[in-house]
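Colleague: Below is one structure. I have some questions about it.
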Amino acid sequence: MSPDVKRKISIGGINQLRLFGLQDRNLRRLQQAFSVSLVARGQQVFLSGDKENVERAEKAFEELIAIASRQAEISESDLETIVSMVDGTGKLQEDSENGQDDIILYKKDGFIKPKTLGQRAFYQASLNNDVLFVIGPAGTGKTFLAVALAVAALRDKLVDRIVLTRPAVEAGERLGYLPGDFREKIDPYLAPLYDALHDMIPPDKLKRYLESSIIEIVPLAYMRGRTLNNAFVILDEAQNTTFHQMKMFLTRLGISSRAIITGDITQIDLPGVGSSGLVQVQSILPPIEGIEFVYMKDTDVVRHRLVREIIRAYDNYENNKTHKNDKK
């Protein structure tokens, strides 16, 4: 057993009612989850207990501070999600010697950095590879982190522009004719990319970037025939590419360009599951320096705590179904 330790956390400037919860509900939940003592005195909170438990509780408490500092209420679901991210599994990344090292991007209400071990692996792989495939379930932050890395590269003048693309494939529905001009027709498919950008770039600057094509958001079909130099290129929802579309995309890269390809191979919306370019590329590309595959898990989910349980339930259902079919 590790020795008992004490830690002190400053909470100056934070709304304590929001942070602690009604009747100190949040403090009591952390004490229960991590078997530590949390005592608030003025503008400080004191943690004490077993070293490993205190470290885990400290991580969880810092997440609560981050939410409270954004003037957001901390719901019971938020609290349980944070607890589950650190409780007994180490899902929140271990801090480096200097926690600032992993910050990807600062934004108006805080900063973006890897939160789980899978996200940390994603981030580290992005530093050492020009082409990175990130495969994992919904809610693991694949698209959000990829866009953050692209915005950071543009900020640091490592690239001249960002190109974001997605295949325009309907998710199991026949949406029919969409009214409007070209942009109005494709925007529904590209909305998650816009959402991520709006969270990271001030509206006036983002508008300028879009109007000047420094940031470009296009359907995958419009990538054919292009050569992208000095660009950070993201292919999102890559599980919905065909064999030929994946090959086409990968051969668009020009000089001084980087690409991140993200997708969830359990949510393929193509007519034939076996036709997914993201599934096939894993067995096509040999080990090549500068290309890496990162696989994220349900333990990397950073959405509502129930998303992780939903993913596991579907995985169990699919595995049982496959097992029964194999016996026939």
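By convention here, the chains of the structure tokens are called A, B, ... in the order presented, each chain's residues are numbered starting at 1, and ligands are numbered starting at 1 in the order presented.
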List the neighbours of A:Glu58 out to 12 Å using only C-alpha atoms; skip same-chain residues closer than 3 positions along the sequence, and give me the result as JSON, numbers by chain.
Modeller: {"A": [5, 6, 7, 8, 9, 10, 27, 30, 31, 33, 34, 36, 37, 38, 45, 46, 47, 48, 49, 50, 51, 52, 53, 54, 55, 61, 62, 63, 64, 65, 82, 83, 86, 87, 92, 94, 95]}
Colleague: Enumerate the residues of stretch 18-171 of chain A with a DSSP assignment of helix (DSSP H, G or I), computed from the backbone, and present them as a ChimeraX atom specification.
Modeller: /A:18-20,22-34,51-69,76-86,99-102,117-128,142-155
Colleague: Could you name the residues that touch A:Ser275 at 9 Å or less, counting only C-alpha atoms, but leaving out those on the same chain fewer than 2 positions away, as number ranges by chain?
Modeller: A: 240-243, 270-273, 277-280
Colleague: Any chance you can output those residues with C-alpha atoms as a PDB file, in the first residue's frame?
Modeller:
```pdb
ATOM      1  CA  ASN A 240     -18.046   5.036 -45.151  1.00  0.00           C
ATOM      2  CA  THR A 241     -15.423   5.245 -47.885  1.00  0.00           C
ATOM      3  CA  THR A 242     -15.161   2.607 -50.582  1.00  0.00           C
ATOM      4  CA  PHE A 243     -11.909   0.895 -51.554  1.00  0.00           C
ATOM      5  CA  LEU A 270     -22.331   1.540 -46.948  1.00  0.00           C
ATOM      6  CA  PRO A 271     -24.559  -1.076 -48.631  1.00  0.00           C
ATOM      7  CA  GLY A 272     -21.937  -3.805 -48.155  1.00  0.00           C
ATOM      8  CA  VAL A 273     -20.009  -3.854 -44.870  1.00  0.00           C
ATOM      9  CA  GLY A 277     -12.156   1.342 -47.435  1.00  0.00           C
ATOM     10  CA  LEU A 278     -11.185   1.844 -43.790  1.00  0.00           C
ATOM     11  CA  VAL A 279     -11.573  -1.865 -43.065  1.00  0.00           C
ATOM     12  CA  GLN A 280      -9.614  -2.887 -46.147  1.00  0.00           C
TER      13      GLN A 280
END
```
Colleague: Pick out the residues sitting within 6 Å of stretch 130-139 of chain A, and hand them over as a list of chain:residue names; count only C-alpha atoms, and ignore anything fewer than 6 positions along from it in its own chain.
Modeller: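 Contacts, with the query itself left out: A:Arg258, A:Ala259, A:Ile260, A:Ile261, A:Thr262, A:Gly263, A:Asp264, A:Gly290, A:Ile291, A:Glu292, A:Phe293, A:Val294, A:Tyr295, A:Met296, A:Lys297, A:Val301, A:Val302, A:Arg303.
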Colleague: Would you mind exporting the chosen residues as a compact mmCIF listing (two decimals), in the first residue's frame, restricted to C-alpha atoms?
Modeller:
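Ended up saving to again.txt:
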```
# COMPACT_ATOMS: atom_id res chain seq x y z
CA ARG A 258 -0.22 15.62 -43.24
CA ALA A 259 -3.38 13.54 -43.00
CA ILE A 260 -5.49 12.08 -40.20
CA ILE A 261 -8.14 9.51 -41.13
CA THR A 262 -10.78 8.77 -38.48
CA GLY A 263 -13.61 6.31 -38.35
CA ASP A 264 -15.65 3.74 -36.45
CA GLY A 290 5.41 7.77 -41.37
CA ILE A 291 2.12 5.82 -41.36
CA GLU A 292 0.54 4.55 -38.16
CA PHE A 293 -2.74 3.03 -36.99
CA VAL A 294 -4.11 3.96 -33.53
CA TYR A 295 -6.99 1.99 -32.06
CA MET A 296 -9.19 3.56 -29.41
CA LYS A 297 -11.47 1.64 -27.05
CA VAL A 301 -15.28 7.50 -24.39
CA VAL A 302 -15.57 11.01 -22.97
CA ARG A 303 -19.27 11.62 -23.52
```
Colleague: At what distance in Å, to one decimal, does atom CA of A:Ser35 lie from atom CA of A:Asp4?
Modeller: 11.6 Å
Colleague: What is the atom CA of A:Glu76-atom CA of A:Gly141 distance in Å, reported with one decimal?
Modeller: 21.5 Å
Colleague: With only C-alpha atoms as the atoms that count, which of A:Gly118, A:Gly21, A:Gly42, A:Gly254 lies nearest to A:Leu79?
Modeller: A:Gly21
Colleague: Would you kindly return, as a PyMOL selection string, each protein, DNA or RNA residue with an atom no farther than 12 Å from any atom of A:His198, considering only C-alpha atoms and excluding same-chain residues fewer than 6 positions away?
Modeller: chain A and resi 107-108+144+147-148+151+191-192+204-207+209-210
Colleague: For N, CA and C atoms, I'd like the residues from the last selection saved as a PDB file, in the first residue's frame.
Modeller:
```pdb
ATOM      1  N   LYS A 107      -8.273  27.718 -25.949  1.00  0.00           N
ATOM      2  CA  LYS A 107      -9.474  28.338 -26.483  1.00  0.00           C
ATOM      3  C   LYS A 107     -10.069  29.246 -25.428  1.00  0.00           C
ATOM      4  N   LYS A 108     -11.145  29.923 -25.763  1.00  0.00           N
ATOM      5  CA  LYS A 108     -11.661  30.983 -24.894  1.00  0.00           C
ATOM      6  C   LYS A 108     -12.092  30.472 -23.524  1.00  0.00           C
ATOM      7  N   PHE A 144     -12.751  15.532 -32.873  1.00  0.00           N
ATOM      8  CA  PHE A 144     -12.446  16.755 -32.142  1.00  0.00           C
ATOM      9  C   PHE A 144     -10.931  16.944 -31.995  1.00  0.00           C
ATOM     10  N   VAL A 147      -9.250  17.776 -35.410  1.00  0.00           N
ATOM     11  CA  VAL A 147      -9.432  19.178 -35.795  1.00  0.00           C
ATOM     12  C   VAL A 147      -8.555  20.080 -34.933  1.00  0.00           C
ATOM     13  N   ALA A 148      -8.444  19.779 -33.644  1.00  0.00           N
ATOM     14  CA  ALA A 148      -7.582  20.579 -32.762  1.00  0.00           C
ATOM     15  C   ALA A 148      -6.134  20.531 -33.219  1.00  0.00           C
ATOM     16  N   VAL A 151      -5.843  22.752 -36.345  1.00  0.00           N
ATOM     17  CA  VAL A 151      -5.872  24.185 -36.013  1.00  0.00           C
ATOM     18  C   VAL A 151      -4.546  24.602 -35.376  1.00  0.00           C
ATOM     19  N   ALA A 191     -21.692  18.975 -40.697  1.00  0.00           N
ATOM     20  CA  ALA A 191     -21.959  19.746 -39.481  1.00  0.00           C
ATOM     21  C   ALA A 191     -21.003  19.442 -38.328  1.00  0.00           C
ATOM     22  N   PRO A 192     -20.636  18.166 -38.068  1.00  0.00           N
ATOM     23  CA  PRO A 192     -19.719  17.912 -36.939  1.00  0.00           C
ATOM     24  C   PRO A 192     -18.369  18.607 -37.093  1.00  0.00           C
ATOM     25  N   ASP A 204     -15.336  35.480 -36.093  1.00  0.00           N
ATOM     26  CA  ASP A 204     -14.894  36.365 -37.161  1.00  0.00           C
ATOM     27  C   ASP A 204     -13.675  35.806 -37.889  1.00  0.00           C
ATOM     28  N   LYS A 205     -12.763  35.209 -37.132  1.00  0.00           N
ATOM     29  CA  LYS A 205     -11.571  34.623 -37.756  1.00  0.00           C
ATOM     30  C   LYS A 205     -11.945  33.392 -38.580  1.00  0.00           C
ATOM     31  N   LEU A 206     -12.846  32.558 -38.048  1.00  0.00           N
ATOM     32  CA  LEU A 206     -13.277  31.376 -38.782  1.00  0.00           C
ATOM     33  C   LEU A 206     -13.952  31.757 -40.086  1.00  0.00           C
ATOM     34  N   LYS A 207     -14.760  32.809 -40.053  1.00  0.00           N
ATOM     35  CA  LYS A 207     -15.426  33.280 -41.271  1.00  0.00           C
ATOM     36  C   LYS A 207     -14.405  33.683 -42.329  1.00  0.00           C
ATOM     37  N   TYR A 209     -11.291  32.652 -42.548  1.00  0.00           N
ATOM     38  CA  TYR A 209     -10.591  31.446 -43.001  1.00  0.00           C
ATOM     39  C   TYR A 209     -11.407  30.674 -44.039  1.00  0.00           C
ATOM     40  N   LEU A 210     -12.719  30.565 -43.794  1.00  0.00           N
ATOM     41  CA  LEU A 210     -13.579  29.835 -44.726  1.00  0.00           C
ATOM     42  C   LEU A 210     -13.729  30.575 -46.043  1.00  0.00           C
TER      43      LEU A 210
END
```
Colleague: Could you check which of A:Glu73, A:Glu216, A:Glu80, A:Asp300 is closest to A:Arg161, using only C-alpha atoms?
Modeller: A:Glu216
